[in-house]
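**Student:** File input32.pdb below, PDB, C-alpha atoms:
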```pdb
MODEL        1
ATOM      1  CA  MET A  36      76.132-198.115-133.012  1.00  0.00           C
ATOM      2  CA  THR A  37      76.380-197.026-129.411  1.00  0.00           C
ATOM      3  CA  GLU A  38      74.257-198.317-126.556  1.00  0.00           C
ATOM      4  CA  ARG A  39      72.291-195.071-126.584  1.00  0.00           C
ATOM      5  CA  GLU A  40      71.647-195.337-130.329  1.00  0.00           C
ATOM      6  CA  TYR A  41      70.571-198.950-129.872  1.00  0.00           C
ATOM      7  CA  ASN A  42      68.081-197.945-127.168  1.00  0.00           C
ATOM      8  CA  GLN A  43      66.754-195.160-129.385  1.00  0.00           C
ATOM      9  CA  CYS A  44      66.312-197.626-132.252  1.00  0.00           C
ATOM     10  CA  VAL A  45      64.411-199.994-129.953  1.00  0.00           C
ATOM     11  CA  THR A  46      62.170-197.162-128.763  1.00  0.00           C
ATOM     12  CA  GLU A  47      61.444-195.925-132.293  1.00  0.00           C
ATOM     13  CA  TYR A  48      60.956-199.197-134.181  1.00  0.00           C
ATOM     14  CA  ALA A  49      59.911-201.921-131.737  1.00  0.00           C
ATOM     15  CA  ASP A  50      56.192-201.411-132.373  1.00  0.00           C
ATOM     16  CA  ASN A  51      56.615-201.318-136.152  1.00  0.00           C
ATOM     17  CA  VAL A  52      58.681-204.494-136.270  1.00  0.00           C
ATOM     18  CA  TYR A  53      56.317-206.307-133.914  1.00  0.00           C
ATOM     19  CA  ARG A  54      53.264-205.244-135.930  1.00  0.00           C
ATOM     20  CA  PHE A  55      54.911-206.405-139.180  1.00  0.00           C
ATOM     21  CA  ILE A  56      55.864-209.800-137.753  1.00  0.00           C
ATOM     22  CA  LEU A  57      52.510-210.263-136.013  1.00  0.00           C
ATOM     23  CA  LYS A  58      50.571-209.586-139.229  1.00  0.00           C
ATOM     24  CA  ASN A  59      52.626-212.284-140.935  1.00  0.00           C
ATOM     25  CA  LEU A  60      52.653-214.910-138.207  1.00  0.00           C
ATOM     26  CA  GLN A  61      49.248-214.123-136.685  1.00  0.00           C
ATOM     27  CA  HIS A  62      50.417-215.489-133.333  1.00  0.00           C
ATOM     28  CA  GLU A  63      51.435-213.074-130.582  1.00  0.00           C
ATOM     29  CA  GLU A  64      53.900-215.277-128.711  1.00  0.00           C
ATOM     30  CA  ASP A  65      55.704-216.326-131.879  1.00  0.00           C
ATOM     31  CA  ALA A  66      55.872-212.709-133.040  1.00  0.00           C
ATOM     32  CA  ARG A  67      57.349-211.635-129.699  1.00  0.00           C
ATOM     33  CA  ASP A  68      59.968-214.383-129.910  1.00  0.00           C
ATOM     34  CA  VAL A  69      60.961-213.410-133.452  1.00  0.00           C
ATOM     35  CA  VAL A  70      61.198-209.710-132.588  1.00  0.00           C
ATOM     36  CA  GLN A  71      63.159-210.402-129.423  1.00  0.00           C
ATOM     37  CA  THR A  72      65.634-212.522-131.384  1.00  0.00           C
ATOM     38  CA  ALA A  73      65.982-209.758-133.978  1.00  0.00           C
ATOM     39  CA  PHE A  74      66.778-207.181-131.286  1.00  0.00           C
ATOM     40  CA  GLU A  75      69.190-209.612-129.655  1.00  0.00           C
ATOM     41  CA  LYS A  76      71.048-210.108-132.944  1.00  0.00           C
ATOM     42  CA  MET A  77      71.184-206.355-133.461  1.00  0.00           C
ATOM     43  CA  TRP A  78      72.628-205.941-129.949  1.00  0.00           C
ATOM     44  CA  VAL A  79      75.279-208.592-130.550  1.00  0.00           C
ATOM     45  CA  ASN A  80      76.249-206.990-133.882  1.00  0.00           C
ATOM     46  CA  ARG A  81      75.814-203.361-132.804  1.00  0.00           C
ATOM     47  CA  ALA A  82      79.458-202.543-133.519  1.00  0.00           C
ATOM     48  CA  GLU A  83      78.912-203.303-137.218  1.00  0.00           C
ATOM     49  CA  VAL A  84      75.465-201.666-137.481  1.00  0.00           C
ATOM     50  CA  ASP A  85      75.317-198.142-138.877  1.00  0.00           C
ATOM     51  CA  ASN A  86      72.874-196.086-136.814  1.00  0.00           C
ATOM     52  CA  ALA A  87      71.496-194.406-139.951  1.00  0.00           C
ATOM     53  CA  ARG A  88      70.469-197.849-141.244  1.00  0.00           C
ATOM     54  CA  CYS A  89      69.304-199.417-137.984  1.00  0.00           C
ATOM     55  CA  LYS A  90      65.650-199.593-139.112  1.00  0.00           C
ATOM     56  CA  SER A  91      66.519-201.399-142.312  1.00  0.00           C
ATOM     57  CA  TYR A  92      68.911-203.722-140.478  1.00  0.00           C
ATOM     58  CA  LEU A  93      66.297-204.490-137.838  1.00  0.00           C
ATOM     59  CA  PHE A  94      63.557-205.269-140.365  1.00  0.00           C
ATOM     60  CA  THR A  95      65.958-207.401-142.407  1.00  0.00           C
ATOM     61  CA  VAL A  96      66.971-209.487-139.397  1.00  0.00           C
ATOM     62  CA  ALA A  97      63.355-209.779-138.214  1.00  0.00           C
ATOM     63  CA  TYR A  98      62.209-210.812-141.700  1.00  0.00           C
ATOM     64  CA  HIS A  99      64.816-213.573-141.899  1.00  0.00           C
ATOM     65  CA  GLN A 100      63.992-214.749-138.370  1.00  0.00           C
ATOM     66  CA  MET A 101      60.314-214.867-139.351  1.00  0.00           C
ATOM     67  CA  ILE A 102      61.056-216.931-142.470  1.00  0.00           C
ATOM     68  CA  ASP A 103      63.104-219.367-140.356  1.00  0.00           C
ATOM     69  CA  HIS A 104      60.255-219.596-137.863  1.00  0.00           C
ATOM     70  CA  ILE A 105      57.695-220.239-140.618  1.00  0.00           C
ATOM     71  CA  ARG A 106      59.830-223.003-142.086  1.00  0.00           C
ATOM     72  CA  LYS A 107      60.171-224.662-138.688  1.00  0.00           C
ATOM     73  CA  SER A 108      56.481-224.385-137.906  1.00  0.00           C
ATOM     74  CA  LYS A 109      55.466-225.893-141.259  1.00  0.00           C
ATOM     75  CA  ARG A 110      56.959-229.115-140.024  1.00  0.00           C
ATOM     76  CA  ILE A 111      54.519-229.169-137.138  1.00  0.00           C
ATOM     77  CA  THR A 112      51.020-229.697-138.522  1.00  0.00           C
ATOM     78  CA  LEU A 113      49.306-230.563-135.261  1.00  0.00           C
ATOM     79  CA  ARG A 114      49.731-227.038-133.970  1.00  0.00           C
ATOM     80  CA  ASP A 115      48.082-225.514-137.056  1.00  0.00           C
ATOM     81  CA  GLU A 116      45.155-227.930-136.799  1.00  0.00           C
ATOM     82  CA  PHE A 117      44.714-227.038-133.144  1.00  0.00           C
ATOM     83  CA  ARG A 118      44.810-223.320-133.948  1.00  0.00           C
ATOM     84  CA  GLU A 119      42.030-223.717-136.533  1.00  0.00           C
ATOM     85  CA  GLU A 120      39.813-225.671-134.127  1.00  0.00           C
ATOM     86  CA  SER A 121      40.285-223.232-131.268  1.00  0.00           C
ATOM     87  CA  ARG A 122      39.349-220.044-133.116  1.00  0.00           C
ATOM     88  CA  ILE A 123      36.398-218.142-131.752  1.00  0.00           C
ATOM     89  CA  THR A 124      33.682-217.694-134.347  1.00  0.00           C
ATOM     90  CA  ASP A 125      31.194-215.487-132.506  1.00  0.00           C
ATOM     91  CA  ARG A 126      31.972-212.468-134.688  1.00  0.00           C
ATOM     92  CA  PRO A 127      29.710-211.365-137.554  1.00  0.00           C
ATOM     93  CA  ALA A 128      30.207-213.318-140.751  1.00  0.00           C
ATOM     94  CA  HIS A 129      31.302-210.287-142.797  1.00  0.00           C
ATOM     95  CA  ASN A 130      33.918-208.602-140.679  1.00  0.00           C
ATOM     96  CA  THR A 131      36.223-206.383-142.757  1.00  0.00           C
ATOM     97  CA  ARG A 132      39.299-207.125-140.662  1.00  0.00           C
ATOM     98  CA  LYS A 133      38.603-210.860-140.836  1.00  0.00           C
ATOM     99  CA  ILE A 134      38.203-210.742-144.619  1.00  0.00           C
ATOM    100  CA  LEU A 135      41.437-208.777-145.005  1.00  0.00           C
ATOM    101  CA  GLU A 136      43.297-211.224-142.758  1.00  0.00           C
ATOM    102  CA  GLU A 137      41.903-214.144-144.749  1.00  0.00           C
ATOM    103  CA  ALA A 138      42.953-212.463-147.993  1.00  0.00           C
ATOM    104  CA  LEU A 139      46.475-211.878-146.661  1.00  0.00           C
ATOM    105  CA  GLY A 140      46.539-215.440-145.367  1.00  0.00           C
ATOM    106  CA  ARG A 141      45.988-216.763-148.877  1.00  0.00           C
ATOM    107  CA  LEU A 142      49.220-215.161-150.078  1.00  0.00           C
ATOM    108  CA  ASN A 143      52.510-217.002-149.815  1.00  0.00           C
ATOM    109  CA  GLU A 144      55.061-215.765-147.259  1.00  0.00           C
ATOM    110  CA  THR A 145      56.986-213.626-149.743  1.00  0.00           C
ATOM    111  CA  GLN A 146      53.902-211.941-151.181  1.00  0.00           C
ATOM    112  CA  ARG A 147      52.419-211.289-147.729  1.00  0.00           C
ATOM    113  CA  SER A 148      55.692-209.810-146.502  1.00  0.00           C
ATOM    114  CA  LEU A 149      55.982-207.569-149.541  1.00  0.00           C
ATOM    115  CA  VAL A 150      52.433-206.251-149.147  1.00  0.00           C
ATOM    116  CA  LEU A 151      52.964-205.579-145.452  1.00  0.00           C
ATOM    117  CA  LEU A 152      56.335-203.897-145.965  1.00  0.00           C
ATOM    118  CA  LYS A 153      55.058-201.680-148.786  1.00  0.00           C
ATOM    119  CA  ASP A 154      51.466-200.922-147.834  1.00  0.00           C
ATOM    120  CA  TYR A 155      51.570-201.128-144.032  1.00  0.00           C
ATOM    121  CA  GLU A 156      55.111-199.999-143.244  1.00  0.00           C
ATOM    122  CA  GLY A 157      55.676-197.683-146.221  1.00  0.00           C
ATOM    123  CA  TYR A 158      59.055-198.952-147.387  1.00  0.00           C
ATOM    124  CA  SER A 159      60.334-198.112-150.868  1.00  0.00           C
ATOM    125  CA  TYR A 160      60.887-200.854-153.446  1.00  0.00           C
ATOM    126  CA  GLU A 161      64.643-200.519-152.976  1.00  0.00           C
ATOM    127  CA  GLU A 162      64.400-200.861-149.189  1.00  0.00           C
ATOM    128  CA  ILE A 163      62.104-203.885-149.506  1.00  0.00           C
ATOM    129  CA  GLY A 164      64.601-205.458-151.889  1.00  0.00           C
ATOM    130  CA  LYS A 165      67.384-205.046-149.351  1.00  0.00           C
ATOM    131  CA  ILE A 166      65.252-206.491-146.555  1.00  0.00           C
ATOM    132  CA  THR A 167      64.034-209.504-148.518  1.00  0.00           C
ATOM    133  CA  GLY A 168      67.083-210.123-150.686  1.00  0.00           C
ATOM    134  CA  LEU A 169      65.121-209.602-153.910  1.00  0.00           C
ATOM    135  CA  ASN A 170      66.025-207.135-156.626  1.00  0.00           C
ATOM    136  CA  GLU A 171      63.787-204.123-157.209  1.00  0.00           C
ATOM    137  CA  SER A 172      62.177-205.630-160.326  1.00  0.00           C
ATOM    138  CA  GLN A 173      61.296-208.826-158.483  1.00  0.00           C
ATOM    139  CA  VAL A 174      59.758-206.799-155.662  1.00  0.00           C
ATOM    140  CA  LYS A 175      57.561-204.921-158.127  1.00  0.00           C
ATOM    141  CA  VAL A 176      56.447-208.065-159.957  1.00  0.00           C
ATOM    142  CA  TYR A 177      55.738-210.086-156.807  1.00  0.00           C
ATOM    143  CA  LEU A 178      53.945-207.155-155.213  1.00  0.00           C
ATOM    144  CA  HIS A 179      51.799-206.657-158.311  1.00  0.00           C
ATOM    145  CA  ARG A 180      50.859-210.331-158.377  1.00  0.00           C
ATOM    146  CA  ALA A 181      50.038-210.252-154.668  1.00  0.00           C
ATOM    147  CA  ARG A 182      47.808-207.203-155.109  1.00  0.00           C
ATOM    148  CA  VAL A 183      45.989-208.825-158.031  1.00  0.00           C
ATOM    149  CA  GLN A 184      45.415-211.937-155.931  1.00  0.00           C
ATOM    150  CA  LEU A 185      44.154-209.795-153.024  1.00  0.00           C
ATOM    151  CA  LYS A 186      41.848-207.856-155.330  1.00  0.00           C
ATOM    152  CA  ASN A 187      40.387-211.027-156.830  1.00  0.00           C
ATOM    153  CA  TYR A 188      39.700-212.432-153.383  1.00  0.00           C
ATOM    154  CA  LEU A 189      38.259-209.211-151.955  1.00  0.00           C
ATOM    155  CA  VAL A 190      35.862-208.541-154.839  1.00  0.00           C
ATOM    156  CA  SER A 191      34.519-212.075-155.054  1.00  0.00           C
ATOM    157  CA  PRO A 192      30.757-212.099-154.332  1.00  0.00           C
ATOM    158  CA  GLU A 193      31.007-214.133-151.119  1.00  0.00           C
ATOM    159  CA  ASN A 194      33.434-211.610-149.621  1.00  0.00           C
ATOM    160  CA  VAL A 195      31.751-208.360-150.625  1.00  0.00           C
ATOM    161  CA  LEU A 196      30.216-206.642-147.634  1.00  0.00           C
TER     162      LEU A 196
ENDMDL
END
```
As structure tokens, how would this structure be written, given the file I've shared?

**Tutor:**
Amino acid sequence: MTEREYNQCVTEYADNVYRFILKNLQHEEDARDVVQTAFEKMWVNRAEVDNARCKSYLFTVAYHQMIDHIRKSKRITLRDEFREESRITDRPAHNTRKILEEALGRLNETQRSLVLLKDYEGYSYEEIGKITGLNESQVKVYLHRARVQLKNYLVSPENVL
């Protein structure tokens, strides 16, 4: 990958990668850090990166960085407690975006990532498998289970608009 191809990849996919990571982490600064690290790793390894596969490579690196970040942050419980206490609750009780975010938040990291990669980013099962390190059958099964869990949460009486 040349410097020009790298810059083109950054221009084309930076927003998509950031949006994917932000939806998973739900914290802007952490998402920026993860995405920046992913682009840095792609820059360092640009000689080995095939330009035709730069999007897949970028999402794979960002996904693994995100998983590492989640594992590190699970060790710090004070931060999560602070985040819950500091949320602003002046929005209407039945906000569609809020309900969807809550539903996604109930999924484990793998399920949430699969839903976001498939339904938000439009990746194929094969591409998702390469990004996450799962085989295509596992992707389909985990994605199905995640969608069932989302459906059950979204159609429960307390969440119906």

**Student:** Given the file shown, enumerate the residues that the PyMOL selection byres ((chain A and resi 185) around 10) captures and present them as a list in words.

**Tutor:**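 On this input, the PyMOL selection byres ((chain A and resi 185) around 10) captures Leu135, Glu137, Ala138, Leu139, Gly140, Arg141, Leu142, Arg147, Val150, His179, Arg180, Ala181, Arg182, Val183, Gln184, Lys186, Asn187, Tyr188, Leu189 and Val190 of chain A.
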
**Student:** Interatomic distance between atom CA of A:Ala97 and atom CA of A:Thr131?

**Tutor:** 27.7 Å

**Student:** What are the centre and edge lengths in Å, to one decimal, of the axis-aligned box around all listed atoms of stretch 39-55 of chain A with 8 Å added on each side, as JSON?

**Tutor:**
```
{"center_x": 62.8, "center_y": -200.7, "center_z": -132.9, "size_x": 35.0, "size_y": 27.3, "size_z": 28.6}
```

**Student:** Take the PyMOL selection byres ((chain A and resi 164) around 12), apply it to the structure above, and return the hits as a count of residues only.

**Tutor:** 29

**Student:** Take atom CA of A:His62 and atom CA of A:Ala49 and report the distance between them in Å, one decimal.

**Tutor:**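 Separation of atom CA of A:His62 and atom CA of A:Ala49: 16.6 Å.
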
**Student:** Can you list, as a PyMOL selection string, every protein, DNA or RNA residue that comes within 12 Å of A:Met36 when you count all atoms listed in the file, leaving out same-chain residues fewer than 4 positions away?

**Tutor:** chain A and resi 40-44+77-89+92

**Student:** What does the distance between atom CA of A:Glu63 and atom CA of A:Lys76 come to in Å, to one decimal place?

**Tutor:**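 Value for the atom CA of A:Glu63-atom CA of A:Lys76 distance: 20.0 Å.
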
**Student:** Which one is closest to A:Phe55: A:Glu136, A:Arg106, A:Met101, A:Thr37? Count all atoms listed in the file.

**Tutor:** A:Met101

**Student:** Might you spell out which residues the PyMOL selection byres ((chain A and resi 66) around 12) would select in the displayed file, as an NGL selection string?

**Tutor:** :A and (49-65 or 67-73 or 97-98 or 100-102 or 104-105)
